[in-house]
$ cat query.cif   # mmCIF, C-alpha atoms
data_protein
#
loop_
_atom_site.label_atom_id
_atom_site.label_comp_id
_atom_site.auth_asym_id
_atom_site.auth_seq_id
_atom_site.Cartn_x
_atom_site.Cartn_y
_atom_site.Cartn_z
CA MET V 1 -0.68 -7.91 -14.97
CA LYS V 2 1.88 -9.10 -12.42
CA ILE V 3 0.71 -7.45 -9.18
CA ILE V 4 -2.89 -7.01 -8.02
CA GLY V 5 -3.43 -4.67 -5.09
CA ALA V 6 -6.25 -5.79 -2.80
CA GLY V 7 -5.84 -2.97 -0.29
CA LEU V 8 -8.55 -0.44 0.45
CA PRO V 9 -8.12 3.27 -0.35
CA ARG V 10 -6.14 5.23 2.28
CA THR V 11 -3.83 2.30 3.03
CA ALA V 12 -0.74 3.96 1.53
CA THR V 13 -1.72 2.87 -1.97
CA LEU V 14 0.04 5.81 -3.64
CA THR V 15 3.22 4.91 -1.76
CA GLN V 16 2.61 1.36 -2.96
CA LYS V 17 2.26 2.50 -6.56
CA ILE V 18 5.54 4.43 -6.48
CA ALA V 19 7.34 1.59 -4.69
CA LEU V 20 6.20 -0.99 -7.25
CA GLU V 21 7.30 1.24 -10.10
CA MET V 22 10.71 1.69 -8.44
CA LEU V 23 10.97 -2.13 -8.30
CA GLY V 24 10.27 -2.46 -12.01
CA PHE V 25 6.54 -3.28 -11.88
CA GLY V 26 5.34 -0.25 -13.74
CA PRO V 27 3.45 1.54 -14.80
CA CYS V 28 1.15 0.80 -11.88
CA TYR V 29 -2.54 1.67 -12.19
CA HIS V 30 -4.00 3.86 -9.42
CA MET V 31 -7.00 6.10 -8.90
CA VAL V 32 -4.81 9.09 -9.80
CA SER V 33 -4.69 7.76 -13.37
CA ILE V 34 -8.42 8.28 -13.90
CA PRO V 35 -9.79 11.80 -13.14
CA THR V 36 -8.39 13.44 -16.28
CA ASP V 37 -9.19 10.49 -18.59
CA HIS V 38 -12.86 10.27 -19.55
CA ASN V 39 -12.14 7.18 -21.64
CA HIS V 40 -11.02 5.29 -18.54
CA MET V 41 -14.02 6.58 -16.61
CA SER V 42 -16.27 4.98 -19.23
CA LYS V 43 -14.38 1.68 -19.06
CA TRP V 44 -14.80 1.51 -15.29
CA ILE V 45 -18.48 2.37 -15.51
CA SER V 46 -18.90 -0.52 -17.98
CA ALA V 47 -17.10 -2.80 -15.53
CA TYR V 48 -19.35 -1.66 -12.71
CA GLU V 49 -22.41 -2.31 -14.86
CA GLY V 50 -21.27 -5.89 -15.42
CA ALA V 51 -19.25 -5.72 -18.64
CA PRO V 52 -15.59 -5.46 -17.63
CA ASP V 53 -12.82 -5.44 -20.24
CA TRP V 54 -9.76 -5.89 -18.07
CA GLU V 55 -7.38 -6.05 -21.02
CA ALA V 56 -8.60 -2.67 -22.25
CA ILE V 57 -8.45 -1.08 -18.80
CA PHE V 58 -5.00 -2.39 -17.89
CA SER V 59 -3.34 -2.32 -21.31
CA GLY V 60 0.27 -1.26 -20.78
CA PHE V 61 0.13 -1.67 -16.98
CA SER V 62 2.07 -4.26 -14.94
CA ALA V 63 0.32 -3.65 -11.62
CA ALA V 64 -2.81 -2.08 -10.15
CA VAL V 65 -3.57 -0.76 -6.67
CA ASP V 66 -6.29 1.31 -4.98
CA TYR V 67 -9.94 1.67 -5.96
CA PRO V 68 -11.51 1.03 -8.37
CA ALA V 69 -9.09 -1.81 -9.24
CA SER V 70 -8.87 -3.25 -5.72
CA PHE V 71 -12.68 -3.42 -5.51
CA TYR V 72 -12.35 -6.19 -8.10
CA TYR V 73 -9.38 -8.01 -6.58
CA ARG V 74 -11.14 -11.39 -6.70
CA GLU V 75 -12.14 -11.00 -10.35
CA LEU V 76 -8.66 -9.79 -11.26
CA ALA V 77 -7.00 -12.64 -9.37
CA GLU V 78 -9.08 -15.03 -11.47
CA ALA V 79 -8.44 -13.15 -14.74
CA TYR V 80 -4.67 -13.05 -14.08
CA PRO V 81 -3.90 -16.35 -12.31
CA GLU V 82 -0.12 -15.82 -12.41
CA ALA V 83 -0.30 -12.41 -10.71
CA LYS V 84 0.62 -12.00 -7.06
CA VAL V 85 -1.74 -10.20 -4.68
CA LEU V 86 -0.57 -7.40 -2.40
CA LEU V 87 -2.81 -6.44 0.51
CA SER V 88 -1.89 -3.10 2.05
CA VAL V 89 -2.94 -3.04 5.70
CA ARG V 90 -3.41 -0.40 8.37
CA ASP V 91 -4.74 -0.12 11.91
CA GLY V 92 -8.51 -0.03 11.65
CA HIS V 93 -9.11 3.12 13.72
CA SER V 94 -6.26 5.03 12.10
CA TRP V 95 -7.69 4.06 8.73
CA ALA V 96 -11.21 5.11 9.75
CA ARG V 97 -10.01 8.56 10.80
CA SER V 98 -8.14 8.96 7.51
CA ILE V 99 -11.27 7.91 5.59
CA ARG V 100 -13.33 10.43 7.58
CA ASP V 101 -10.92 13.24 6.76
CA THR V 102 -10.66 12.40 3.05
CA ILE V 103 -12.96 10.10 1.07
CA TRP V 104 -15.96 10.15 3.40
CA GLY V 105 -15.67 13.92 3.72
CA LEU V 106 -15.63 14.33 -0.05
CA THR V 107 -18.55 11.94 -0.49
CA TYR V 108 -20.89 12.85 2.38
CA GLY V 109 -19.31 15.57 4.49
CA ASP V 110 -20.00 19.27 4.73
CA THR V 111 -16.56 20.26 3.46
CA VAL V 112 -15.07 22.63 0.90
CA GLY V 113 -13.89 19.60 -1.05
CA ARG V 114 -17.37 18.08 -1.14
CA HIS V 115 -19.00 21.30 -2.35
CA LEU V 116 -16.36 21.72 -5.06
CA ALA V 117 -16.88 18.11 -6.09
CA ALA V 118 -20.62 18.75 -6.37
CA ALA V 119 -19.94 21.75 -8.61
CA VAL V 120 -17.69 19.67 -10.88
CA GLU V 121 -20.27 16.88 -11.03
CA ALA V 122 -22.98 19.37 -11.97
CA ALA V 123 -20.83 20.73 -14.79
CA ASP V 124 -19.52 17.46 -16.21
CA PRO V 125 -21.90 14.47 -16.76
CA ASP V 126 -18.99 12.03 -17.20
CA ILE V 127 -17.47 12.96 -13.87
CA ARG V 128 -20.93 12.79 -12.28
CA ARG V 129 -21.40 9.22 -13.57
CA HIS V 130 -17.90 8.25 -12.43
CA THR V 131 -18.48 9.68 -8.95
CA ALA V 132 -21.81 7.86 -8.71
CA MET V 133 -20.00 4.63 -9.64
CA LEU V 134 -17.41 5.14 -6.90
CA ARG V 135 -20.13 5.92 -4.37
CA GLY V 136 -21.84 2.70 -5.43
CA MET V 137 -18.61 0.76 -4.88
CA TYR V 138 -18.17 2.26 -1.42
CA ASN V 139 -21.72 1.28 -0.55
CA ARG V 140 -21.51 -2.25 -2.00
CA ALA V 141 -18.37 -2.84 0.02
CA GLU V 142 -19.98 -1.13 3.05
CA LEU V 143 -16.81 0.91 3.26
CA PHE V 144 -18.57 3.47 5.47
CA GLY V 145 -20.90 0.99 7.17
CA PRO V 146 -24.60 0.28 6.56
CA ASN V 147 -25.56 3.93 7.19
CA PRO V 148 -22.87 5.73 5.16
CA GLU V 149 -24.15 9.28 5.61
CA VAL V 150 -23.46 9.07 9.35
CA PHE V 151 -19.80 8.49 10.17
CA ASP V 152 -19.14 5.91 12.90
CA GLU V 153 -15.45 5.28 13.56
CA ASP V 154 -16.01 1.89 15.20
CA VAL V 155 -18.17 0.66 12.32
CA VAL V 156 -15.72 1.87 9.68
CA ALA V 157 -12.73 0.39 11.56
CA ALA V 158 -14.54 -2.96 11.74
CA GLY V 159 -14.99 -2.77 7.97
CA MET V 160 -11.22 -2.74 7.55
CA GLU V 161 -10.88 -5.89 9.65
CA ARG V 162 -13.68 -7.55 7.68
CA HIS V 163 -11.98 -6.74 4.40
CA ILE V 164 -8.66 -8.20 5.55
CA LYS V 165 -10.40 -11.44 6.57
CA GLU V 166 -12.20 -11.63 3.23
CA VAL V 167 -8.96 -11.27 1.27
CA ARG V 168 -7.28 -13.95 3.38
CA ALA V 169 -10.24 -16.24 2.75
CA HIS V 170 -10.23 -15.78 -1.02
CA ILE V 171 -6.52 -15.58 -1.91
CA PRO V 172 -4.17 -18.53 -1.20
CA ALA V 173 -1.53 -17.65 1.37
CA GLU V 174 1.36 -18.45 -0.99
CA ARG V 175 0.01 -15.87 -3.45
CA LEU V 176 -0.62 -13.12 -0.89
CA LEU V 177 1.50 -10.58 0.99
CA GLU V 178 0.03 -8.36 3.69
CA TRP V 179 2.20 -5.28 3.75
CA SER V 180 2.49 -1.79 5.19
CA PRO V 181 5.18 0.80 4.38
CA LYS V 182 6.39 0.52 7.98
CA ASP V 183 7.47 -3.05 7.10
CA GLY V 184 10.08 -1.61 4.74
CA TRP V 185 11.42 -2.88 1.44
CA GLU V 186 12.58 -6.32 2.58
CA PRO V 187 9.31 -8.33 2.76
CA LEU V 188 7.98 -6.70 -0.39
CA CYS V 189 11.16 -7.41 -2.35
CA ALA V 190 11.33 -10.99 -1.05
CA PHE V 191 7.72 -11.56 -2.10
CA LEU V 192 8.38 -10.18 -5.59
CA ASP V 193 11.83 -11.79 -5.86
CA VAL V 194 13.66 -8.55 -6.68
CA PRO V 195 16.69 -6.82 -5.07
CA VAL V 196 16.18 -4.32 -2.27
CA PRO V 197 16.75 -0.77 -3.61
CA GLU V 198 19.33 1.52 -2.08
CA ALA V 199 16.82 4.39 -2.17
CA PRO V 200 14.53 4.82 0.86
CA LEU V 201 10.94 3.70 0.63
CA PRO V 202 8.75 6.69 -0.37
CA HIS V 203 6.03 8.01 1.94
CA VAL V 204 3.43 10.18 0.19
CA ASN V 205 -0.19 11.37 0.16
CA SER V 206 -1.08 12.40 3.69
CA SER V 207 -4.70 13.37 4.34
CA ALA V 208 -3.78 17.05 4.03
CA VAL V 209 -2.07 16.49 0.68
CA PHE V 210 -5.00 14.37 -0.54
CA ASN V 211 -7.45 17.18 0.18
CA GLU V 212 -5.21 19.89 -1.25
CA GLN V 213 -4.83 17.94 -4.49
CA HIS V 214 -8.58 17.33 -4.73
CA ILE V 215 -9.36 21.02 -4.24
CA GLU V 216 -6.73 22.07 -6.77
CA GLY V 217 -7.98 19.50 -9.27
CA SER V 218 -11.60 20.57 -8.86
CA LEU V 219 -10.73 24.24 -9.31
CA HIS V 220 -8.72 23.40 -12.40
CA VAL V 221 -11.67 21.56 -13.96
CA LEU V 222 -14.03 24.44 -13.18
CA GLN V 223 -11.59 26.99 -14.60
CA LYS V 224 -11.29 24.99 -17.84
CA MET V 225 -15.06 25.14 -18.14
CA ASN V 226 -15.02 28.89 -17.43
CA LEU V 227 -17.22 28.35 -14.37
#

$ encode --input "query.cif" --output "structure tokens"
Amino acid sequence: MKIIGAGLPRTATLTQKIALEMLGFGPCYHMVSIPTDHNHMSKWISAYEGAPDWEAIFSGFSAAVDYPASFYYRELAEAYPEAKVLLSVRDGHSWARSIRDTIWGLTYGDTVGRHLAAAVEAADPDIRRHTAMLRGMYNRAELFGPNPEVFDEDVVAAGMERHIKEVRAHIPAERLLEWSPKDGWEPLCAFLDVPVPEAPLPHVNSSAVFNEQHIEGSLHVLQKMNL
């Protein structure tokens, strides 16, 4: 493991994954690696229950970003002391609105995506356990505030600022880069000591795309189960 992402979900982590792979730090672990792999779901549930096996989870990977990996950024920074830490950052209120329209909506909202997710969870016990684990992570981190079922933009935005301060407090400055795609390739490449690519930095996974992919994925699972 060479790069540990400490950024919260919805901070351009999929862009980050693709960018790191373009720079030679791949494959890069991301939430998108998990939903179709029940074996990895079980490994993360074991980690959440207090028995992590990082080598088993990250075997073959050079980097990791997004939840659930970034929930454990401190533990991973200790397990891989030579790895650099990349903190993806975003304006707190912009982030809160993105969270509302995606992850919070799928977890607590009255949305098509949430109802499809509930149907998948009812049909597949492994997915139900994995979703419960993620919900537990969100709550432990107070990602949605102390009253998660009621969305409060100011509270959620403050959570982003709190997380940034916590990462700064726990990771030495010389090991840490705070980065956003709007910063471009240059600071990221300087931090990782690699050449700047000629290709433009990718920008992917808007809120609309996130929700479309979730709905398509849920329908695919239900169709496979003939539900």

$ closest_residue --input "query.cif" --among "V:Ala199, V:Ala96, V:Ala117, V:Ile45" --to "Asp152 of chain V" --atoms "only C-alpha atoms"
V:Ala96

$ closest_residue --input "query.cif" --among "V:Tyr108, V:Trp179, V:Tyr48, V:Leu86" --to "Gly136 of chain V" --atoms "all atoms listed in the file"
V:Tyr48

$ closest_residue --input "query.cif" --among "V:Lys2, V:Ile164, V:Met31, V:Glu198" --to "Asp91 of chain V" --atoms "all atoms listed in the file"
V:Ile164

$ atom_distance --input "query.cif" --atom1 "atom CA of Asp101 of chain V" --atom2 "atom CA of Val120 of chain V"
20.0 Å

$ resolve_selection --input "query.cif" --expression "the PyMOL selection byres ((chain V and resi 138) around 10)" --output "list in words"
Tyr67, Pro68, Phe71, Ile103, Trp104, Thr107, Ala132, Met133, Leu134, Arg135, Gly136, Met137, Asn139, Arg140, Ala141, Glu142, Leu143, Phe144, Gly145 and Pro148 of chain V

$ write_last_selection --input "query.cif" --atoms "C-alpha atoms" --output "compact mmCIF listing (two decimals), keeping the file's coordinate frame"
# COMPACT_ATOMS: atom_id res chain seq x y z
CA TYR V 67 -9.94 1.67 -5.96
CA PRO V 68 -11.51 1.03 -8.37
CA PHE V 71 -12.68 -3.42 -5.51
CA ILE V 103 -12.96 10.10 1.07
CA TRP V 104 -15.96 10.15 3.40
CA THR V 107 -18.55 11.94 -0.49
CA ALA V 132 -21.81 7.86 -8.71
CA MET V 133 -20.00 4.63 -9.64
CA LEU V 134 -17.41 5.14 -6.90
CA ARG V 135 -20.13 5.92 -4.37
CA GLY V 136 -21.84 2.70 -5.43
CA MET V 137 -18.61 0.76 -4.88
CA ASN V 139 -21.72 1.28 -0.55
CA ARG V 140 -21.51 -2.25 -2.00
CA ALA V 141 -18.37 -2.84 0.02
CA GLU V 142 -19.98 -1.13 3.05
CA LEU V 143 -16.81 0.91 3.26
CA PHE V 144 -18.57 3.47 5.47
CA GLY V 145 -20.90 0.99 7.17
CA PRO V 148 -22.87 5.73 5.16

$ resolve_selection --input "query.cif" --expression "the PyMOL selection byres ((chain V and resi 160) around 12)" --output "ChimeraX atom specification"
/V:6-11,87-97,99,141-145,153-159,161-167

$ residues_around --input "query.cif" --residues "Pro81 of chain V" --least-positions-apart "5" --cutoff "12 Å" --atoms "all atoms listed in the file" --output "ChimeraX atom specification"
/V:1-4,73-76,171-172,175

$ axis_aligned_box --input "query.cif" --around "segment 11-23 of chain V" --padding-each-side "5 Å" --output "AutoDock Vina command-line options"
--center_x 3.6 --center_y 1.8 --center_z -3.5 --size_x 24.8 --size_y 17.9 --size_z 23.1

$ resolve_selection --input "query.cif" --expression "the PyMOL selection byres ((chain V and resi 196) around 12)" --output "list in words"
Ala19, Leu20, Met22, Leu23, Gly24, Gly184, Trp185, Glu186, Pro187, Leu188, Cys189, Ala190, Phe191, Leu192, Asp193, Val194, Pro195, Pro197, Glu198, Ala199, Pro200 and Leu201 of chain V

$ atom_distance --input "query.cif" --atom1 "atom CA of Pro125 of chain V" --atom2 "atom CA of Val150 of chain V"
26.7 Å

$ residues_around --input "query.cif" --residues "Gly105 of chain V" --least-positions-apart "6" --cutoff "10 Å" --atoms "all atoms listed in the file" --output "ChimeraX atom specification"
/V:98-99,111-114,149,151,211
